[in-house]
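Peer 1: Pasting in a structure now, in structure tokens, and then I'll have a few things to ask.
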2 protein chains.
Amino acid sequence: MATTVELDPRDLDERQLYFVMSGLVVPRPIAWVSSLAQDGTPNLAPHSYYNAASSAPPIVMFSSTHAPHRRPDGIKDTLRNVRQTGEFVVNVVDAELLEAMNATATDCPPEVDEFHLAGLAPAPSRKVAPPRVARAKAAMECRLCHLLEMGDATLVFGDVVQFHIDASIWRDGRVDMTRLAPVGRLSGSDYSTVERIQSLRRPAWTPD
Amino acid sequence: MATTVELDPRDLDERQLYFVMSGLVVPRPIAWVSSLAQDGTPNLAPHSYYNAASSAPPIVMFSSTHAPHRRPDGIKDTLRNVRQTGEFVVNVVDAELLEAMNATATDCPPEVDEFHLAGLAPAPSRKVAPPRVARAKAAMECRLCHLLEMGDATLVFGDVVQFHIDASIWRDGRVDMTRLAPVGRLSGSDYSTVERIQSLRRPAWTPD
């Protein structure tokens with residue numbers, strides 16, 4: 001006999017809410033965001049409250065949770081940089097980059113360059129100043145187009161102005177998912193890699 | 001020698017942009033959204049440009065792409081219903097529900113009840129009128145809190161007002177990912193199921 005746990009969010013504290021939300025909205029894509037501080041220090045940090053907002057024109061969005069326990073002003077380096085410079089790059093995380101991505105998820109001070117910290121080479125972007133991760137199989141150069149305060153976070157929206165896609169994952173105008181092997185964020189310290197792909201045709205509507 | 005395909009979005013048409021965006025922002029969580037038309041007809045449809053926007057308070061968002069080829073006004077049933085009633089439920093899609101979810105991804109007319117179409121029993125919600133999917137292992141009742149036009153879509157934000165979590169996936173205040181077995185959306189007709197979970201501790205920052 002299945003029983004259902006009923007939870008009213010008003011009865012949960014911040015930590016409990018984080019566990020529930022990050023446990024039920026899964027698997028999440030990861031925006032591994034590179035940006036530049038005003039003094040030119042590169043920053044690289046993963047965000048998984050992230051998705052496409054629009055395909056055509058291409059717009060991505062990610063949520064930067066305010067972190068009062070991590071920064072005096074509660075603002076993470078990525079958000080501060082994007083606000084100040086208006087530019088960022090979303091790097092795609094694949095299975096080979098999982099460990100390096102995790103190394104950049106640390107609470108290090110703003111003057112630390114996470115590229116250096118994780119042993120990652122930067123590669124120049126074409127239209128924005130922040131570099132991309134050279135080893136990433138795909139990256140999207142973005143220009144800030146909108147900011148929105150929402151709950152405990154600031155949502156960052158960016159127009160994609162350039163795509164970089166490794167030729168090894170590109171076939172007939174589409175991304176080869178097996179070769180990309182993207183990583184999904186689950187809850188806590190858990191990640192999933194795409195191992196088995198199921199293809200289901202979307203049914204055409206046929207009235208009885 | 002790795003070569004990189006460089007794409008300027010201004011050189012791509014709508015279809016090409018959809019392939020690139022849905023191929024690079026992966027794996028995506030699926031909001032299987034139930035809603036009610038003003039005449040009471042239930043609607044159920046998957047949306048994968050979806051994520052949490054905030055954990056505390058809990059807020060979810062999904063993008064409803066305008067579909068001029070599918071509806072005369074370009075507005076999908078879910079968006080019309082949510083605008084008119086201010087309520088919806090996000091049902092979580094697990095491996096056992098993948099086929100049923102796909103059956104609701106069809107372009108059927110607004111008078112069709114996708115619960116019936118897919119052979120799914122509804123279960124009553126507690127705080128909102130739209131029913132949830134009885135077989136879903138988790139569901140979030142939501143009240144519309146914000147709408148935002150963005151590119152080719154309308155973004156729908158909802159305050160989560162009630163969580164339903166099957167006891168079988170709930171352990172010590174957290175979601176058991178192996179038992180939930182969530183489905184991720186890839187591109188085209190492809191889906192991934194969470195099969196192998198990798199756990200990586202987030203490193204603490206330790207200066208040299």
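Labels used: A, B, ... for chains in the order of the structure tokens, numbers from 1 for residues in each chain, and numbers from 1 for ligands as shown.
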Name all residues at most 8 Å from A:Pro131 (count only C-alpha atoms; drop same-chain ones fewer than 3 positions away) and give them as a count of residues only.
Peer 2: 9
Peer 1: Any idea which chain A residues end up within 6 Å of chain B if we count only C-alpha atoms, as a PyMOL selection string please?
Peer 2: chain A and resi 3-8+14+17-19+21+23+26-29+49+51-57+63+106-108+151-153+162-167+174-175+184+189-192+197-201+203-205
Peer 1: From the options B:Thr41, B:Gly119, B:Thr78, B:Pro72, which residue's atoms come nearest to B:Leu97, counting only C-alpha atoms?
Peer 2: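 Looking only at the distances to B:Leu97, the closest residue turns out to be B:Gly119.
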Peer 1: Enter the distance from atom CA of A:Ala129 to atom CA of A:Gly40, in Å, rounded to one decimal.
Peer 2: 9.3 Å
Peer 1: Between atom CA of A:Ala134 and atom CA of A:Glu114, measure the distance and give it in Å to one decimal.
Peer 2: 13.5 Å
Peer 1: Using Å and a single decimal, report how far atom CA of B:Asp172 sits from atom CA of B:Glu141.
Peer 2: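 These atoms are spaced 22.2 Å apart.
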Peer 1: May I have the residues within 6 Å of stretch 79-87 of chain A as a compact mmCIF listing (two decimals) with all heavy atoms, in the first residue's frame, using only C-alpha atoms and disregarding those fewer than 2 positions away in the same chain?
Peer 2:
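Output contents, as saved in result_31.txt:
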```
# COMPACT_ATOMS: atom_id res chain seq x y z
N LEU A 36 34.46 37.22 -16.09
CA LEU A 36 35.64 37.99 -15.70
C LEU A 36 35.27 39.05 -14.68
O LEU A 36 34.28 39.77 -14.86
CB LEU A 36 36.26 38.70 -16.91
CG LEU A 36 36.95 37.84 -17.97
CD1 LEU A 36 37.44 38.74 -19.12
CD2 LEU A 36 38.12 37.05 -17.39
N ALA A 37 36.09 39.16 -13.63
CA ALA A 37 35.93 40.29 -12.70
C ALA A 37 36.43 41.56 -13.40
O ALA A 37 37.09 41.49 -14.43
CB ALA A 37 36.73 40.02 -11.43
N LYS A 76 27.31 35.90 -5.27
CA LYS A 76 28.40 35.04 -5.75
C LYS A 76 29.20 35.76 -6.83
O LYS A 76 28.70 36.67 -7.49
CB LYS A 76 27.82 33.75 -6.33
CG LYS A 76 27.17 32.85 -5.27
CD LYS A 76 26.68 31.56 -5.91
CE LYS A 76 25.96 30.69 -4.89
NZ LYS A 76 25.34 29.51 -5.53
N ASP A 77 30.45 35.31 -6.99
CA ASP A 77 31.35 35.98 -7.94
C ASP A 77 30.77 36.03 -9.35
O ASP A 77 30.88 37.04 -10.04
CB ASP A 77 32.70 35.24 -7.98
CG ASP A 77 33.43 35.31 -6.65
OD1 ASP A 77 33.10 36.19 -5.83
OD2 ASP A 77 34.32 34.47 -6.42
N CYS A 142 27.66 34.39 -24.22
CA CYS A 142 26.39 35.05 -23.89
C CYS A 142 26.59 36.50 -23.49
O CYS A 142 27.59 36.86 -22.87
CB CYS A 142 25.72 34.33 -22.71
SG CYS A 142 25.30 32.61 -23.05
N ARG A 143 25.58 37.32 -23.83
CA ARG A 143 25.51 38.70 -23.36
C ARG A 143 24.27 38.83 -22.48
O ARG A 143 23.18 38.43 -22.86
CB ARG A 143 25.40 39.68 -24.54
CG ARG A 143 26.70 39.83 -25.28
CD ARG A 143 26.82 41.19 -25.99
NE ARG A 143 28.03 41.17 -26.81
CZ ARG A 143 28.01 40.90 -28.13
NH1 ARG A 143 26.86 40.71 -28.76
NH2 ARG A 143 29.14 40.86 -28.80
N LEU A 144 24.48 39.38 -21.31
CA LEU A 144 23.38 39.59 -20.36
C LEU A 144 22.24 40.34 -21.02
O LEU A 144 22.45 41.41 -21.61
CB LEU A 144 23.91 40.39 -19.17
CG LEU A 144 22.90 40.78 -18.09
CD1 LEU A 144 22.37 39.55 -17.37
CD2 LEU A 144 23.54 41.74 -17.08
```
Peer 1: Going by DSSP on the backbone, which residues of stretch 6-184 of chain A come out as strand (DSSP E)? List them as a PyMOL selection string.
Peer 2: chain A and resi 6-7+31-36+42-47+50-54+59-65+87-92+122-123+132-133+138-150+153-166+170-171+174-175+183-184
Peer 1: Using only C-alpha atoms, pick whichever of A:Pro68, A:Arg132, A:Ala95, A:Asn43 has the shortest atom-to-atom distance to A:His116.
Peer 2: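 Checking each of A:Pro68, A:Arg132, A:Ala95, A:Asn43 against A:His116, counting only C-alpha atoms, the winner is A:Asn43.
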Peer 1: Give me, as a PyMOL selection string, the residues of stretch 1-198 of chain A that a backbone DSSP run labels helix (DSSP H, G or I).
Peer 2: chain A and resi 9-11+14-24+77-85+95-103+114-117+167-169+177-180
Peer 1: For a quick check of understanding, using only C-alpha atoms, which of A:Ala100, A:Ala67, A:Leu117, A:Leu44 has the smallest distance to A:Phe88?
Peer 2: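 Closest candidate: A:Leu44.
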